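Data first, discussion second: the structure below is written as structure tokens.
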Amino acid sequence: MTRRLSVLVLVAVLATAATSAILIARERARTEPEVTPRSPSGLALLVVRTDGGSLPVVVGSTGFGTSGALVVPPAAQLVIPGQGESSVREALELPSRQAATAVGNMLGVWIEEGATIEADRLAAMADEVGGVRIGGDLVGGRGVADMFEASADGDVVGLQIVMEALLSADVAWSPSDLADADDPDAMAGVLEDASGAHVVRLDAEEVASGMLRATPEQVSGALVEAFGGPAEEAVPVIVLNGNGVPGIGEAVAERLLPGGFRIAVSQNASDFDHPATLIVVGSPDDVGLAERVRDLLGVGSVSVSVGSGIAPVTVVIGKDFTA
């Protein structure tokens, strides 16, 4: 509740600032610079559909080490850009591109590809290679299927064990194994490249019954263990929709996540009549961050005003921003 009030107060301040001259503005040049290209990404989100629910595993490389895999608990809380706070479980019901963006936003990394696969297909793949090693034993499809039946909500530990076994076995990942994939060939390629990868599980703290939240330290630790990095927390940003275009928060996240930022708060501004994008920081020391955000978005003026206390950068998206 305190967090929401802080954001609402900030929205009111920004609305006032937009019609008065209290902000110290650094206007950008009249000629628009090119948007900074996305950082190369080798990460993909594989969503495993089980009878108990959907289970996510991020596979690939962040460029800091070898390929790895990270299982994310469905009960963990996250911010879905353009929609607000939710859970991983609910994010996984979105189309694959939106689901990948939401999970990537939680982790502070860009996830390029997304696809789903049925748990039964994973079990069949184990049979196709004559079984996989789990706990020193050779286990077939029936044993793999049993790993997903330990919990009504899906067993993240089971997924960790199964993915470790499959990636360590001589499994051939085919585009035909996948469903709802934006690029099945690319997704299969990421999985093939992750052969032998270490599989890590993201730990999270229980903040309420059935509700988990991963701390920045837990996220960074898991990224380092699974992929070798990044070890630094992505810079949190508040994004306020000031132009009324549906889905604008997701488009903003797709620009910012590859640049080392994540969306900490995503909600509407006080009104939708902002003609120009405004990027606000609470300290002159953070102007460099704001300018990086401006360059990634391709539009916006940078100003120093009151801080939110939640994130060092606040962006009010105006009508000049286009997806």
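If you're wondering about the labels, chains in the structure tokens are A, B, ... by order shown, residues count from 1 in each chain, ligands from 1 in order shown.
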
### Query
Counting only C-alpha atoms, what is within 10 Å of A:Gly288, bar same-chain residues fewer than 6 positions away, as a count of residues only?
3

Stretch 47-188 of chain A: which residues are alpha helix (DSSP H) by DSSP, as a CSV table (one decimal) with C-alpha atoms, in the first residue's frame?
```
chain,number,residue,atom,x,y,z
A,88,VAL,CA,4.7,-15.9,-12.8
A,89,ARG,CA,1.9,-18.4,-13.1
A,90,GLU,CA,-0.5,-15.7,-14.5
A,91,ALA,CA,2.2,-14.4,-16.8
A,96,SER,CA,4.8,-16.6,-25.5
A,97,ARG,CA,6.4,-13.2,-26.4
A,98,GLN,CA,4.6,-11.4,-23.5
A,99,ALA,CA,5.4,-14.3,-21.1
A,100,ALA,CA,9.1,-14.1,-22.0
A,101,THR,CA,9.1,-10.4,-21.5
A,102,ALA,CA,7.5,-10.6,-18.1
A,103,VAL,CA,9.8,-13.3,-16.8
A,104,GLY,CA,12.8,-11.5,-18.3
A,105,ASN,CA,11.6,-8.3,-16.5
A,106,MET,CA,11.6,-10.2,-13.2
A,107,LEU,CA,15.1,-11.5,-13.8
A,119,ALA,CA,5.3,-32.6,-20.1
A,120,ASP,CA,4.2,-35.8,-21.9
A,121,ARG,CA,6.5,-34.9,-24.7
A,122,LEU,CA,9.5,-34.6,-22.3
A,123,ALA,CA,8.6,-38.1,-21.0
A,124,ALA,CA,8.4,-39.4,-24.6
A,125,MET,CA,11.9,-37.9,-25.3
A,126,ALA,CA,13.3,-39.8,-22.4
A,127,ASP,CA,11.9,-43.1,-23.8
A,128,GLU,CA,13.3,-42.2,-27.2
A,141,GLY,CA,9.2,-41.8,-19.6
A,142,ARG,CA,7.0,-43.1,-16.8
A,143,GLY,CA,9.6,-42.0,-14.3
A,144,VAL,CA,9.9,-38.6,-15.9
A,145,ALA,CA,6.1,-38.2,-15.9
A,146,ASP,CA,6.1,-39.0,-12.1
A,156,VAL,CA,9.7,-27.0,-9.7
A,157,VAL,CA,12.2,-29.4,-8.2
A,158,GLY,CA,10.9,-32.1,-10.5
A,159,LEU,CA,11.4,-29.8,-13.5
A,160,GLN,CA,14.9,-29.0,-12.4
A,161,ILE,CA,15.8,-32.7,-12.1
A,162,VAL,CA,14.1,-33.6,-15.5
A,163,MET,CA,15.8,-30.7,-17.4
A,164,GLU,CA,19.2,-31.6,-15.9
A,165,ALA,CA,18.7,-35.2,-17.0
A,166,LEU,CA,17.5,-34.4,-20.5
A,167,LEU,CA,20.2,-31.8,-21.2
A,168,SER,CA,22.8,-34.3,-20.0
A,184,PRO,CA,10.6,-23.0,-33.3
A,185,ASP,CA,14.0,-23.5,-35.1
A,186,ALA,CA,15.7,-20.8,-33.0
A,187,MET,CA,14.2,-22.3,-29.8
A,188,ALA,CA,15.3,-25.8,-30.7
```

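Neighbours of A:Arg292 closer than or equal to 10 Å, with only C-alpha atoms counted and sequence neighbours fewer than 4 positions away skipped, come out as Thr36, Leu256, Gly259, Gly260, Phe261, Val287, Gly288, Leu296, Leu297 and Gly298 of chain A.
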
### Residues within 9 Å of A:Gly244, only C-alpha atoms, excluding chain neighbours under 5 positions, as a ChimeraX atom specification
/A:268-269,271-273,318-319

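Each of A:Ile263, A:Leu289, A:Ile117, A:Val252 was checked against A:Ile317 using only C-alpha atoms; the smallest atom-to-atom distance is that of A:Val252.
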
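Ranking A:Val59, A:Ala115, A:Val48, A:Val265 by their shortest atom-to-atom distance to A:Leu78, with only C-alpha atoms included, puts A:Val265 first.
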
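Non-sequential neighbours of A:Asp203 (distance at most 10 Å, separation of 3 or more positions within a chain, only C-alpha atoms) are Val71, Val72, Pro73, Ala76, Val200, Glu206, Leu212, Arg213, Ala214, Thr215, Gln218, Val219, Gly221 and Ala222 of chain A.
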
Restricting it to C-alpha atoms, dump the selection as a PDB file, in the first residue's frame.
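The resulting file, result-v7.pdb, is shown below:
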```pdb
ATOM      1  CA  VAL A  71      13.827 -22.881 -13.198  1.00  0.00           C
ATOM      2  CA  VAL A  72      11.523 -20.109 -11.926  1.00  0.00           C
ATOM      3  CA  PRO A  73       8.808 -20.829  -9.303  1.00  0.00           C
ATOM      4  CA  ALA A  76       6.868 -15.862  -7.529  1.00  0.00           C
ATOM      5  CA  VAL A 200      19.569 -24.028 -11.220  1.00  0.00           C
ATOM      6  CA  GLU A 206       7.352 -16.550   1.060  1.00  0.00           C
ATOM      7  CA  LEU A 212       6.747 -15.831  -3.191  1.00  0.00           C
ATOM      8  CA  ARG A 213       9.085 -12.953  -3.937  1.00  0.00           C
ATOM      9  CA  ALA A 214      12.709 -13.239  -5.039  1.00  0.00           C
ATOM     10  CA  THR A 215      15.059 -10.596  -3.659  1.00  0.00           C
ATOM     11  CA  GLN A 218      18.526 -14.099  -4.935  1.00  0.00           C
ATOM     12  CA  VAL A 219      17.993 -13.180  -8.592  1.00  0.00           C
ATOM     13  CA  GLY A 221      22.899 -15.200  -7.321  1.00  0.00           C
ATOM     14  CA  ALA A 222      20.790 -17.494  -9.500  1.00  0.00           C
TER      15      ALA A 222
END
```

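Between A:Ala234 and the candidates A:Ser283, A:Gln267, A:Ser176, A:Ser220, the tightest atom-to-atom separation, counting only C-alpha atoms, involves A:Ser220.
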
Please list as a PDB file with C-alpha atoms, in the first residue's frame every residue within 12 Å of A:Pro230, counting only C-alpha atoms and excluding residues in the same chain fewer than 2 positions away.
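Contents of result-v8.pdb, as written:
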```
ATOM      1  CA  SER A  61      23.406 -17.955 -22.309  1.00  0.00           C
ATOM      2  CA  THR A  62      23.662 -14.375 -21.060  1.00  0.00           C
ATOM      3  CA  GLY A  63      27.136 -13.965 -22.535  1.00  0.00           C
ATOM      4  CA  PHE A  64      28.862 -14.177 -19.144  1.00  0.00           C
ATOM      5  CA  GLY A  65      29.691 -17.860 -19.253  1.00  0.00           C
ATOM      6  CA  LEU A 107      15.140 -11.451 -13.773  1.00  0.00           C
ATOM      7  CA  GLY A 108      16.392  -8.205 -15.314  1.00  0.00           C
ATOM      8  CA  VAL A 109      17.553  -9.861 -18.542  1.00  0.00           C
ATOM      9  CA  TRP A 110      16.253  -9.914 -22.096  1.00  0.00           C
ATOM     10  CA  PRO A 216      17.520  -8.834  -5.988  1.00  0.00           C
ATOM     11  CA  GLU A 217      20.299 -10.785  -4.275  1.00  0.00           C
ATOM     12  CA  VAL A 219      17.993 -13.180  -8.592  1.00  0.00           C
ATOM     13  CA  SER A 220      21.612 -12.100  -9.094  1.00  0.00           C
ATOM     14  CA  GLY A 221      22.899 -15.200  -7.321  1.00  0.00           C
ATOM     15  CA  ALA A 222      20.790 -17.494  -9.500  1.00  0.00           C
ATOM     16  CA  LEU A 223      21.888 -15.737 -12.712  1.00  0.00           C
ATOM     17  CA  VAL A 224      25.535 -16.104 -11.731  1.00  0.00           C
ATOM     18  CA  GLU A 225      25.124 -19.769 -10.774  1.00  0.00           C
ATOM     19  CA  ALA A 226      23.165 -20.675 -13.914  1.00  0.00           C
ATOM     20  CA  PHE A 227      24.764 -18.472 -16.564  1.00  0.00           C
ATOM     21  CA  GLY A 228      27.827 -16.849 -15.001  1.00  0.00           C
ATOM     22  CA  GLU A 232      24.714  -6.600 -11.041  1.00  0.00           C
ATOM     23  CA  GLU A 233      21.028  -5.893 -10.432  1.00  0.00           C
ATOM     24  CA  ALA A 234      19.188  -4.403 -13.401  1.00  0.00           C
ATOM     25  CA  GLY A 260      20.250  -3.305 -18.238  1.00  0.00           C
TER      26      GLY A 260
END
```

### Message
Just to confirm, what's the straight-line distance from atom CA of A:Leu138 to atom CA of A:Val57 in Å (one decimal)?
### Response
23.0 Å

### Backbone-only DSSP, strand (DSSP E) members of stretch 10-224 of chain A, as an MDAnalysis selection string
chainID A and resid 24:26 42:50 53:61 68:71 77:80 84:87 113:118 132:134 137:139 198:201 205:208 211:213

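Distances here use only C-alpha atoms; by that measure, the residue among A:Leu240, A:Met211, A:Val129, A:Ala179 closest to A:Val47 is A:Ala179.
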
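The nearest approach to A:Pro275 among the residues A:Leu202, A:Val306, A:Val171, A:Val316, with only C-alpha atoms taken into account, belongs to A:Val316.
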
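Here atom CA of A:Thr322 and atom CA of A:Ile279 stand 15.7 Å from one another.
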
### Task
Considering only C-alpha atoms, return as a list in words whatever protein or nucleic-acid residues lie within 6 Å of A:Gly60, sequence-local ones (same chain, fewer than 4 positions apart) excluded.
Gly42, Leu43, Ser67, Gly68, Val190 and Ala194 of chain A

Go ahead and save the picked residues with N, CA and C atoms, as a JSON list (two decimals), in the first residue's frame.
```
[["chain", "number", "residue", "atom", "x", "y", "z"],
["A", 42, "GLY", "N", 20.98, -14.80, -25.87],
["A", 42, "GLY", "CA", 20.95, -16.23, -26.15],
["A", 42, "GLY", "C", 20.02, -16.95, -25.21],
["A", 43, "LEU", "N", 19.04, -16.21, -24.63],
["A", 43, "LEU", "CA", 18.13, -16.81, -23.66],
["A", 43, "LEU", "C", 16.77, -17.10, -24.29],
["A", 67, "SER", "N", 26.39, -21.97, -21.44],
["A", 67, "SER", "CA", 24.93, -22.10, -21.39],
["A", 67, "SER", "C", 24.49, -22.74, -20.08],
["A", 68, "GLY", "N", 23.31, -22.36, -19.63],
["A", 68, "GLY", "CA", 22.77, -22.91, -18.40],
["A", 68, "GLY", "C", 21.25, -22.91, -18.48],
["A", 190, "VAL", "N", 18.56, -23.18, -29.30],
["A", 190, "VAL", "CA", 19.00, -22.80, -27.95],
["A", 190, "VAL", "C", 19.07, -24.02, -27.06],
["A", 194, "ALA", "N", 22.39, -25.91, -25.25],
["A", 194, "ALA", "CA", 22.46, -26.03, -23.79],
["A", 194, "ALA", "C", 22.75, -27.47, -23.35]]
```
